[in-house]
file model29.tsv (TSV, N, CA and C atoms)
chain	number	residue	atom	x	y	z
A	1	MET	N	0.83	-1.18	0.00
A	1	MET	CA	0.00	0.00	0.00
A	1	MET	C	0.88	1.25	0.00
A	2	ALA	N	0.39	2.27	-0.66
A	2	ALA	CA	1.14	3.51	-0.77
A	2	ALA	C	0.84	4.44	0.41
A	3	GLU	N	1.88	5.05	0.89
A	3	GLU	CA	1.71	6.03	1.97
A	3	GLU	C	1.31	7.37	1.36
A	4	ILE	N	0.52	8.15	2.09
A	4	ILE	CA	0.08	9.44	1.56
A	4	ILE	C	1.27	10.39	1.47
A	5	SER	N	1.24	11.25	0.46
A	5	SER	CA	2.33	12.19	0.24
A	5	SER	C	2.28	13.33	1.24
A	6	LYS	N	3.38	14.09	1.30
A	6	LYS	CA	3.43	15.25	2.19
A	6	LYS	C	2.39	16.28	1.78
A	7	GLU	N	2.18	16.44	0.47
A	7	GLU	CA	1.18	17.39	-0.01
A	7	GLU	C	-0.21	17.00	0.47
A	8	MET	N	-0.51	15.70	0.40
A	8	MET	CA	-1.82	15.23	0.85
A	8	MET	C	-1.97	15.42	2.35
A	9	LYS	N	-0.90	15.26	3.10
A	9	LYS	CA	-0.96	15.51	4.54
A	9	LYS	C	-1.31	16.97	4.81
A	10	ILE	N	-0.75	17.88	4.02
A	10	ILE	CA	-1.06	19.30	4.16
A	10	ILE	C	-2.53	19.55	3.84
A	11	VAL	N	-3.03	18.92	2.79
A	11	VAL	CA	-4.44	19.04	2.41
A	11	VAL	C	-5.32	18.53	3.55
A	12	LEU	N	-4.96	17.41	4.13
A	12	LEU	CA	-5.73	16.85	5.24
A	12	LEU	C	-5.71	17.78	6.46
A	13	ILE	N	-4.57	18.40	6.73
A	13	ILE	CA	-4.48	19.32	7.86
A	13	ILE	C	-5.38	20.54	7.62
A	14	ILE	N	-5.39	21.06	6.39
A	14	ILE	CA	-6.26	22.19	6.07
A	14	ILE	C	-7.72	21.80	6.25
A	15	ASN	N	-8.10	20.62	5.74
A	15	ASN	CA	-9.47	20.14	5.91
A	15	ASN	C	-9.82	19.95	7.38
A	16	LEU	N	-8.90	19.41	8.15
A	16	LEU	CA	-9.09	19.20	9.57
A	16	LEU	C	-9.32	20.52	10.28
A	17	PHE	N	-8.49	21.50	9.96
A	17	PHE	CA	-8.60	22.83	10.57
A	17	PHE	C	-9.96	23.46	10.26
A	18	VAL	N	-10.37	23.44	9.00
A	18	VAL	CA	-11.65	24.05	8.61
A	18	VAL	C	-12.81	23.30	9.26
A	19	ALA	N	-12.77	21.97	9.25
A	19	ALA	CA	-13.86	21.18	9.85
A	19	ALA	C	-14.01	21.48	11.33
A	20	PHE	N	-12.89	21.55	12.06
A	20	PHE	CA	-12.96	21.80	13.49
A	20	PHE	C	-13.38	23.24	13.81
A	21	ILE	N	-12.88	24.20	13.05
A	21	ILE	CA	-13.25	25.60	13.31
A	21	ILE	C	-14.75	25.78	13.11
A	22	TYR	N	-15.26	25.37	11.94
A	22	TYR	CA	-16.70	25.52	11.69
A	22	TYR	C	-17.51	24.64	12.64
A	23	GLY	N	-17.04	23.42	12.89
A	23	GLY	CA	-17.76	22.51	13.78
A	23	GLY	C	-17.88	23.05	15.19
A	24	ILE	N	-16.79	23.57	15.72
A	24	ILE	CA	-16.81	24.13	17.07
A	24	ILE	C	-17.71	25.35	17.13
A	25	MET	N	-17.64	26.20	16.09
A	25	MET	CA	-18.51	27.38	16.07
A	25	MET	C	-19.98	26.98	16.11
A	26	TYR	N	-20.36	25.99	15.29
A	26	TYR	CA	-21.76	25.61	15.21
A	26	TYR	C	-22.23	24.78	16.40
A	27	VAL	N	-21.36	23.98	17.00
A	27	VAL	CA	-21.78	23.18	18.15
A	27	VAL	C	-21.83	24.01	19.43
A	28	PHE	N	-20.79	24.76	19.69
A	28	PHE	CA	-20.67	25.44	20.99
A	28	PHE	C	-21.09	26.91	20.98
A	29	LEU	N	-21.12	27.53	19.81
A	29	LEU	CA	-21.42	28.97	19.75
A	29	LEU	C	-22.51	29.31	18.74
A	30	PRO	N	-23.58	28.52	18.63
A	30	PRO	CA	-24.56	28.81	17.57
A	30	PRO	C	-25.25	30.15	17.76
A	31	GLU	N	-25.52	30.54	19.00
A	31	GLU	CA	-26.17	31.83	19.23
A	31	GLU	C	-25.26	32.98	18.80
A	32	GLY	N	-23.98	32.87	19.08
A	32	GLY	CA	-23.02	33.89	18.68
A	32	GLY	C	-22.89	33.98	17.16
A	33	VAL	N	-22.82	32.82	16.51
A	33	VAL	CA	-22.73	32.81	15.05
A	33	VAL	C	-24.00	33.41	14.46
A	34	TYR	N	-25.14	33.05	15.03
A	34	TYR	CA	-26.42	33.58	14.56
A	34	TYR	C	-26.47	35.11	14.67
A	35	SER	N	-26.04	35.62	15.79
A	35	SER	CA	-26.10	37.07	15.97
A	35	SER	C	-25.06	37.80	15.12
A	36	LEU	N	-23.91	37.18	14.90
A	36	LEU	CA	-22.88	37.81	14.07
A	36	LEU	C	-23.26	37.88	12.60
A	37	ASN	N	-23.82	36.78	12.10
A	37	ASN	CA	-24.09	36.76	10.66
A	37	ASN	C	-25.52	37.12	10.29
A	38	ASP	N	-26.34	37.47	11.26
A	38	ASP	CA	-27.70	37.95	11.01
A	38	ASP	C	-28.49	36.95	10.15
A	39	ALA	N	-28.42	35.69	10.54
A	39	ALA	CA	-29.07	34.62	9.77
A	39	ALA	C	-30.59	34.80	9.77
A	40	PRO	N	-31.24	34.46	8.65
A	40	PRO	CA	-32.70	34.63	8.59
A	40	PRO	C	-33.46	33.62	9.46
A	41	TYR	N	-32.86	32.47	9.75
A	41	TYR	CA	-33.52	31.44	10.57
A	41	TYR	C	-32.54	30.97	11.62
A	42	PHE	N	-33.07	30.56	12.76
A	42	PHE	CA	-32.21	30.01	13.80
A	42	PHE	C	-32.89	28.82	14.43
A	43	ASP	N	-32.27	27.68	14.27
A	43	ASP	CA	-32.70	26.45	14.91
A	43	ASP	C	-31.46	25.86	15.56
A	44	PRO	N	-31.27	26.09	16.85
A	44	PRO	CA	-30.03	25.65	17.50
A	44	PRO	C	-29.77	24.15	17.35
A	45	HIS	N	-30.82	23.34	17.33
A	45	HIS	CA	-30.63	21.91	17.16
A	45	HIS	C	-29.99	21.61	15.81
A	46	PHE	N	-30.53	22.20	14.74
A	46	PHE	CA	-29.97	21.96	13.40
A	46	PHE	C	-28.54	22.48	13.32
A	47	TRP	N	-28.29	23.65	13.86
A	47	TRP	CA	-26.95	24.23	13.80
A	47	TRP	C	-25.95	23.34	14.54
A	48	ARG	N	-26.35	22.85	15.72
A	48	ARG	CA	-25.45	21.97	16.48
A	48	ARG	C	-25.29	20.61	15.80
A	49	LEU	N	-26.34	20.12	15.18
A	49	LEU	CA	-26.25	18.86	14.44
A	49	LEU	C	-25.26	18.98	13.29
A	50	PHE	N	-25.36	20.07	12.53
A	50	PHE	CA	-24.43	20.31	11.42
A	50	PHE	C	-23.00	20.45	11.95
A	51	GLY	N	-22.81	21.17	13.04
A	51	GLY	CA	-21.49	21.31	13.65
A	51	GLY	C	-20.94	19.97	14.11
A	52	GLY	N	-21.81	19.14	14.69
A	52	GLY	CA	-21.38	17.80	15.10
A	52	GLY	C	-20.95	16.96	13.92
A	53	ALA	N	-21.65	17.07	12.80
A	53	ALA	CA	-21.26	16.34	11.59
A	53	ALA	C	-19.89	16.82	11.10
A	54	LEU	N	-19.65	18.12	11.17
A	54	LEU	CA	-18.34	18.63	10.75
A	54	LEU	C	-17.23	18.14	11.68
A	55	ILE	N	-17.49	18.10	12.97
A	55	ILE	CA	-16.49	17.58	13.91
A	55	ILE	C	-16.24	16.10	13.65
A	56	ALA	N	-17.30	15.33	13.36
A	56	ALA	CA	-17.13	13.91	13.04
A	56	ALA	C	-16.26	13.74	11.79
A	57	ILE	N	-16.47	14.58	10.79
A	57	ILE	CA	-15.63	14.52	9.59
A	57	ILE	C	-14.19	14.87	9.95
A	58	GLY	N	-14.01	15.86	10.82
A	58	GLY	CA	-12.67	16.22	11.27
A	58	GLY	C	-11.98	15.07	11.99
A	59	ILE	N	-12.73	14.35	12.81
A	59	ILE	CA	-12.16	13.19	13.52
A	59	ILE	C	-11.79	12.10	12.52
A	60	ALA	N	-12.62	11.88	11.50
A	60	ALA	CA	-12.31	10.90	10.47
A	60	ALA	C	-11.04	11.30	9.71
A	61	ILE	N	-10.88	12.58	9.44
A	61	ILE	CA	-9.66	13.07	8.78
A	61	ILE	C	-8.45	12.83	9.67
A	62	LEU	N	-8.59	13.10	10.96
A	62	LEU	CA	-7.49	12.87	11.90
A	62	LEU	C	-7.11	11.39	11.93
A	63	LEU	N	-8.09	10.51	11.97
A	63	LEU	CA	-7.80	9.07	11.95
A	63	LEU	C	-7.13	8.67	10.64
A	64	GLY	N	-7.55	9.26	9.55
A	64	GLY	CA	-6.92	8.99	8.27
A	64	GLY	C	-5.47	9.43	8.24
A	65	MET	N	-5.19	10.57	8.86
A	65	MET	CA	-3.81	11.05	8.93
A	65	MET	C	-2.94	10.12	9.77
A	66	LEU	N	-3.52	9.58	10.82
A	66	LEU	CA	-2.76	8.66	11.67
A	66	LEU	C	-2.53	7.33	10.97
A	67	ASN	N	-3.46	6.93	10.09
A	67	ASN	CA	-3.33	5.68	9.36
A	67	ASN	C	-2.24	5.75	8.31
A	68	ARG	N	-2.16	6.86	7.60
A	68	ARG	CA	-1.11	7.16	6.62
A	68	ARG	C	-1.15	6.35	5.34
A	69	GLU	N	-2.09	5.45	5.18
A	69	GLU	CA	-2.17	4.63	3.96
A	69	GLU	C	-3.23	5.19	3.04
A	70	TRP	N	-2.85	5.53	1.81
A	70	TRP	CA	-3.76	6.15	0.86
A	70	TRP	C	-4.96	5.26	0.57
A	71	ASP	N	-4.75	3.98	0.39
A	71	ASP	CA	-5.86	3.07	0.06
A	71	ASP	C	-6.91	3.03	1.17
A	72	ASN	N	-6.51	3.24	2.40
A	72	ASN	CA	-7.45	3.22	3.51
A	72	ASN	C	-8.24	4.51	3.69
A	73	ILE	N	-7.70	5.63	3.20
A	73	ILE	CA	-8.42	6.90	3.38
A	73	ILE	C	-9.02	7.43	2.08
A	74	LYS	N	-8.85	6.70	1.00
A	74	LYS	CA	-9.37	7.16	-0.29
A	74	LYS	C	-10.88	7.33	-0.26
A	75	ILE	N	-11.60	6.40	0.34
A	75	ILE	CA	-13.07	6.49	0.40
A	75	ILE	C	-13.50	7.70	1.24
A	76	LEU	N	-12.75	8.01	2.28
A	76	LEU	CA	-13.02	9.20	3.09
A	76	LEU	C	-12.89	10.46	2.24
A	77	PHE	N	-11.87	10.48	1.42
A	77	PHE	CA	-11.65	11.64	0.56
A	77	PHE	C	-12.76	11.78	-0.47
A	78	GLN	N	-13.20	10.66	-1.02
A	78	GLN	CA	-14.31	10.69	-1.98
A	78	GLN	C	-15.58	11.21	-1.30
A	79	PHE	N	-15.82	10.77	-0.07
A	79	PHE	CA	-16.98	11.24	0.69
A	79	PHE	C	-16.89	12.74	0.94
A	80	ALA	N	-15.70	13.22	1.31
A	80	ALA	CA	-15.51	14.65	1.58
A	80	ALA	C	-15.78	15.48	0.33
A	81	ILE	N	-15.32	15.01	-0.82
A	81	ILE	CA	-15.55	15.75	-2.06
A	81	ILE	C	-17.05	15.76	-2.40
A	82	ALA	N	-17.71	14.62	-2.23
A	82	ALA	CA	-19.16	14.56	-2.50
A	82	ALA	C	-19.92	15.49	-1.55
A	83	LEU	N	-19.55	15.48	-0.28
A	83	LEU	CA	-20.19	16.37	0.70
A	83	LEU	C	-19.99	17.83	0.33
A	84	LEU	N	-18.79	18.20	-0.06
A	84	LEU	CA	-18.52	19.59	-0.44
A	84	LEU	C	-19.32	20.01	-1.67
A	85	ILE	N	-19.46	19.12	-2.63
A	85	ILE	CA	-20.26	19.43	-3.82
A	85	ILE	C	-21.72	19.67	-3.43
A	86	ILE	N	-22.25	18.80	-2.59
A	86	ILE	CA	-23.65	18.95	-2.14
A	86	ILE	C	-23.83	20.24	-1.35
A	87	LEU	N	-22.90	20.53	-0.44
A	87	LEU	CA	-22.98	21.76	0.34
A	87	LEU	C	-22.91	23.00	-0.56
A	88	ALA	N	-22.05	22.97	-1.56
A	88	ALA	CA	-21.94	24.10	-2.48
A	88	ALA	C	-23.25	24.28	-3.26
A	89	LEU	N	-23.83	23.19	-3.72
A	89	LEU	CA	-25.10	23.28	-4.47
A	89	LEU	C	-26.22	23.82	-3.58
A	90	VAL	N	-26.29	23.33	-2.36
A	90	VAL	CA	-27.32	23.81	-1.42
A	90	VAL	C	-27.12	25.30	-1.13
A	91	ASN	N	-25.87	25.69	-0.88
A	91	ASN	CA	-25.59	27.11	-0.61
A	91	ASN	C	-25.94	27.98	-1.81
A	92	LEU	N	-25.58	27.55	-3.00
A	92	LEU	CA	-25.86	28.36	-4.19
A	92	LEU	C	-27.36	28.46	-4.47
A	93	THR	N	-28.08	27.34	-4.32
A	93	THR	CA	-29.52	27.38	-4.60
A	93	THR	C	-30.30	28.08	-3.49
A	94	SER	N	-29.76	28.15	-2.29
A	94	SER	CA	-30.48	28.83	-1.22
A	94	SER	C	-30.63	30.33	-1.49
A	95	ASN	N	-29.82	30.85	-2.37
A	95	ASN	CA	-29.98	32.27	-2.74
A	95	ASN	C	-31.32	32.52	-3.41
A	96	ILE	N	-31.90	31.51	-3.99
A	96	ILE	CA	-33.18	31.64	-4.69
A	96	ILE	C	-34.34	31.77	-3.70
A	97	TYR	N	-34.32	31.00	-2.63
A	97	TYR	CA	-35.48	30.92	-1.75
A	97	TYR	C	-35.30	31.51	-0.36
A	98	VAL	N	-34.14	32.08	-0.06
A	98	VAL	CA	-33.93	32.68	1.26
A	98	VAL	C	-33.65	34.17	1.08
A	99	THR	N	-34.41	34.98	1.79
A	99	THR	CA	-34.18	36.42	1.80
A	99	THR	C	-33.12	36.71	2.86
A	100	ARG	N	-32.07	37.39	2.45
A	100	ARG	CA	-30.93	37.61	3.35
A	100	ARG	C	-30.67	39.10	3.53
A	101	SER	N	-30.15	39.43	4.70
A	101	SER	CA	-29.68	40.80	4.94
A	101	SER	C	-28.31	40.93	4.28
A	102	ALA	N	-27.82	42.16	4.20
A	102	ALA	CA	-26.50	42.40	3.60
A	102	ALA	C	-25.41	41.69	4.41
A	103	THR	N	-25.50	41.74	5.72
A	103	THR	CA	-24.52	41.07	6.58
A	103	THR	C	-24.53	39.57	6.35
A	104	ASN	N	-25.72	38.98	6.32
A	104	ASN	CA	-25.83	37.55	6.11
A	104	ASN	C	-25.36	37.15	4.73
A	105	LEU	N	-25.59	37.98	3.75
A	105	LEU	CA	-25.15	37.69	2.38
A	105	LEU	C	-23.63	37.61	2.31
A	106	ILE	N	-22.95	38.49	3.03
A	106	ILE	CA	-21.48	38.45	3.05
A	106	ILE	C	-20.99	37.14	3.69
A	107	PHE	N	-21.56	36.78	4.85
A	107	PHE	CA	-21.17	35.54	5.51
A	107	PHE	C	-21.51	34.32	4.65
A	108	HIS	N	-22.67	34.37	4.01
A	108	HIS	CA	-23.11	33.27	3.16
A	108	HIS	C	-22.13	33.06	2.00
A	109	TRP	N	-21.74	34.14	1.34
A	109	TRP	CA	-20.81	34.01	0.22
A	109	TRP	C	-19.41	33.62	0.69
A	110	LEU	N	-19.02	34.07	1.86
A	110	LEU	CA	-17.73	33.65	2.41
A	110	LEU	C	-17.73	32.14	2.62
A	111	ASP	N	-18.79	31.61	3.23
A	111	ASP	CA	-18.91	30.16	3.43
A	111	ASP	C	-18.91	29.43	2.09
A	112	THR	N	-19.64	29.95	1.12
A	112	THR	CA	-19.73	29.31	-0.19
A	112	THR	C	-18.37	29.29	-0.88
A	113	ILE	N	-17.64	30.38	-0.78
A	113	ILE	CA	-16.30	30.44	-1.39
A	113	ILE	C	-15.36	29.45	-0.72
A	114	VAL	N	-15.42	29.34	0.60
A	114	VAL	CA	-14.58	28.36	1.32
A	114	VAL	C	-14.93	26.95	0.86
A	115	ILE	N	-16.22	26.65	0.74
A	115	ILE	CA	-16.65	25.31	0.33
A	115	ILE	C	-16.18	25.00	-1.09
A	116	ILE	N	-16.36	25.94	-2.01
A	116	ILE	CA	-15.95	25.71	-3.40
A	116	ILE	C	-14.43	25.58	-3.49
A	117	ALA	N	-13.70	26.43	-2.76
A	117	ALA	CA	-12.24	26.35	-2.78
A	117	ALA	C	-11.76	25.00	-2.25
A	118	LEU	N	-12.35	24.54	-1.15
A	118	LEU	CA	-11.97	23.23	-0.61
A	118	LEU	C	-12.31	22.11	-1.58
A	119	CYS	N	-13.44	22.22	-2.25
A	119	CYS	CA	-13.86	21.21	-3.21
A	119	CYS	C	-12.85	21.11	-4.37
A	120	VAL	N	-12.49	22.25	-4.92
A	120	VAL	CA	-11.52	22.27	-6.03
A	120	VAL	C	-10.17	21.77	-5.54
A	121	PHE	N	-9.73	22.27	-4.42
A	121	PHE	CA	-8.45	21.90	-3.81
A	121	PHE	C	-8.39	20.39	-3.55
A	122	ASN	N	-9.42	19.86	-2.90
A	122	ASN	CA	-9.46	18.43	-2.58
A	122	ASN	C	-9.51	17.57	-3.84
A	123	THR	N	-10.32	17.97	-4.82
A	123	THR	CA	-10.42	17.20	-6.05
A	123	THR	C	-9.09	17.17	-6.78
A	124	PHE	N	-8.44	18.32	-6.87
A	124	PHE	CA	-7.14	18.40	-7.54
A	124	PHE	C	-6.13	17.45	-6.89
A	125	PHE	N	-6.00	17.52	-5.58
A	125	PHE	CA	-5.02	16.68	-4.89
A	125	PHE	C	-5.44	15.21	-4.83
A	126	TYR	N	-6.73	14.95	-4.83
A	126	TYR	CA	-7.20	13.56	-4.90
A	126	TYR	C	-6.77	12.94	-6.24
A	127	LEU	N	-7.03	13.65	-7.33
A	127	LEU	CA	-6.66	13.13	-8.65
A	127	LEU	C	-5.14	12.99	-8.78
A	128	ARG	N	-4.43	13.91	-8.19
A	128	ARG	CA	-2.96	13.85	-8.22
A	128	ARG	C	-2.43	12.64	-7.43
A	129	GLU	N	-3.05	12.38	-6.29
A	129	GLU	CA	-2.64	11.24	-5.46
A	129	GLU	C	-2.99	9.92	-6.14
A	130	GLU	N	-4.11	9.91	-6.86
A	130	GLU	CA	-4.54	8.70	-7.57
A	130	GLU	C	-3.57	8.31	-8.69
A	131	LYS	N	-2.93	9.30	-9.31
A	131	LYS	CA	-1.98	9.04	-10.40
A	131	LYS	C	-0.72	8.36	-9.91
A	132	LYS	N	-0.38	8.59	-8.65
A	132	LYS	CA	0.89	8.03	-8.12
A	132	LYS	C	0.84	6.55	-7.96

call {"tool": "encode", "arguments": {"input": "model29.tsv", "output": "structure tokens"}}
result
Amino acid sequence: MAEISKEMKIVLIINLFVAFIYGIMYVFLPEGVYSLNDAPYFDPHFWRLFGGALIAIGIAILLGMLNREWDNIKILFQFAIALLIILALVNLTSNIYVTRSATNLIFHWLDTIVIIALCVFNTFFYLREEKK
């Protein structure tokens, strides 16, 4: 089995960092995030559930980094790319049916840009790792 490259380790660390930052914000600070970004809806259960899912993905990334074998973490990477594509589509289409304030629109587009950047970044390095 092939060991993951140093570049892929960096990609995993970036994904881990983003997953934990957003996960912690949504699990432990949903009221603060809600008040900062002026969200049109607030359901603390949903926000904490989403944050918990992000933390779970972060833990899976951490376990993958400890495993170090590309064949063992490849399915995790495929799942992460699929999740990011779905999140990007949901974020983009929500502009159609959600009325947002100017503040929320800025936060919304920031999140969408982070998601799309991670999706492109992960896909690029996934394909590169697959060639090796």

call {"tool": "residues_around", "arguments": {"input": "model29.tsv", "residues": "Ser5 of chain A", "least_positions_apart": "3", "cutoff": "8 Å", "atoms": "only N, CA and C atoms", "output": "list in words"}}
result
Ala2, Met8, Lys9, Ile10, Val11, Arg68, Glu69, Trp70 and Glu129 of chain A

call {"tool": "write_last_selection", "arguments": {"input": "model29.tsv", "atoms": "N, CA and C atoms", "output": "mmCIF file, in the frame of the given file"}}
result
data_model
loop_
_atom_site.group_PDB
_atom_site.id
_atom_site.type_symbol
_atom_site.label_atom_id
_atom_site.label_comp_id
_atom_site.auth_asym_id
_atom_site.auth_seq_id
_atom_site.Cartn_x
_atom_site.Cartn_y
_atom_site.Cartn_z
ATOM 1 N N ALA A 2 0.390 2.270 -0.660
ATOM 2 C CA ALA A 2 1.140 3.510 -0.770
ATOM 3 C C ALA A 2 0.840 4.440 0.410
ATOM 4 N N MET A 8 -0.510 15.700 0.400
ATOM 5 C CA MET A 8 -1.820 15.230 0.850
ATOM 6 C C MET A 8 -1.970 15.420 2.350
ATOM 7 N N LYS A 9 -0.900 15.260 3.100
ATOM 8 C CA LYS A 9 -0.960 15.510 4.540
ATOM 9 C C LYS A 9 -1.310 16.970 4.810
ATOM 10 N N ILE A 10 -0.750 17.880 4.020
ATOM 11 C CA ILE A 10 -1.060 19.300 4.160
ATOM 12 C C ILE A 10 -2.530 19.550 3.840
ATOM 13 N N VAL A 11 -3.030 18.920 2.790
ATOM 14 C CA VAL A 11 -4.440 19.040 2.410
ATOM 15 C C VAL A 11 -5.320 18.530 3.550
ATOM 16 N N ARG A 68 -2.160 6.860 7.600
ATOM 17 C CA ARG A 68 -1.110 7.160 6.620
ATOM 18 C C ARG A 68 -1.150 6.350 5.340
ATOM 19 N N GLU A 69 -2.090 5.450 5.180
ATOM 20 C CA GLU A 69 -2.170 4.630 3.960
ATOM 21 C C GLU A 69 -3.230 5.190 3.040
ATOM 22 N N TRP A 70 -2.850 5.530 1.810
ATOM 23 C CA TRP A 70 -3.760 6.150 0.860
ATOM 24 C C TRP A 70 -4.960 5.260 0.570
ATOM 25 N N GLU A 129 -3.050 12.380 -6.290
ATOM 26 C CA GLU A 129 -2.640 11.240 -5.460
ATOM 27 C C GLU A 129 -2.990 9.920 -6.140
#

call {"tool": "residues_around", "arguments": {"input": "model29.tsv", "residues": "Gly51 of chain A", "least_positions_apart": "5", "cutoff": "12 Å", "atoms": "only C-alpha atoms", "output": "number ranges by chain"}}
result
A: 18-30, 33, 44-46, 56-58

call {"tool": "atom_distance", "arguments": {"input": "model29.tsv", "atom1": "atom CA of Ala117 of chain A", "atom2": "atom CA of Ile13 of chain A"}}
result
14.9 Å

call {"tool": "closest_residue", "arguments": {"input": "model29.tsv", "among": "A:Trp47, A:Phe121, A:Phe107, A:Tyr97", "to": "Leu84 of chain A", "atoms": "only C-alpha atoms"}}
result
A:Phe121

call {"tool": "atom_distance", "arguments": {"input": "model29.tsv", "atom1": "atom CA of Thr112 of chain A", "atom2": "atom CA of Asn95 of chain A"}}
result
11.0 Å

call {"tool": "closest_residue", "arguments": {"input": "model29.tsv", "among": "A:Ile59, A:Ala39, A:Ala82, A:Leu105", "to": "Val120 of chain A", "atoms": "only C-alpha atoms"}}
result
A:Ala82
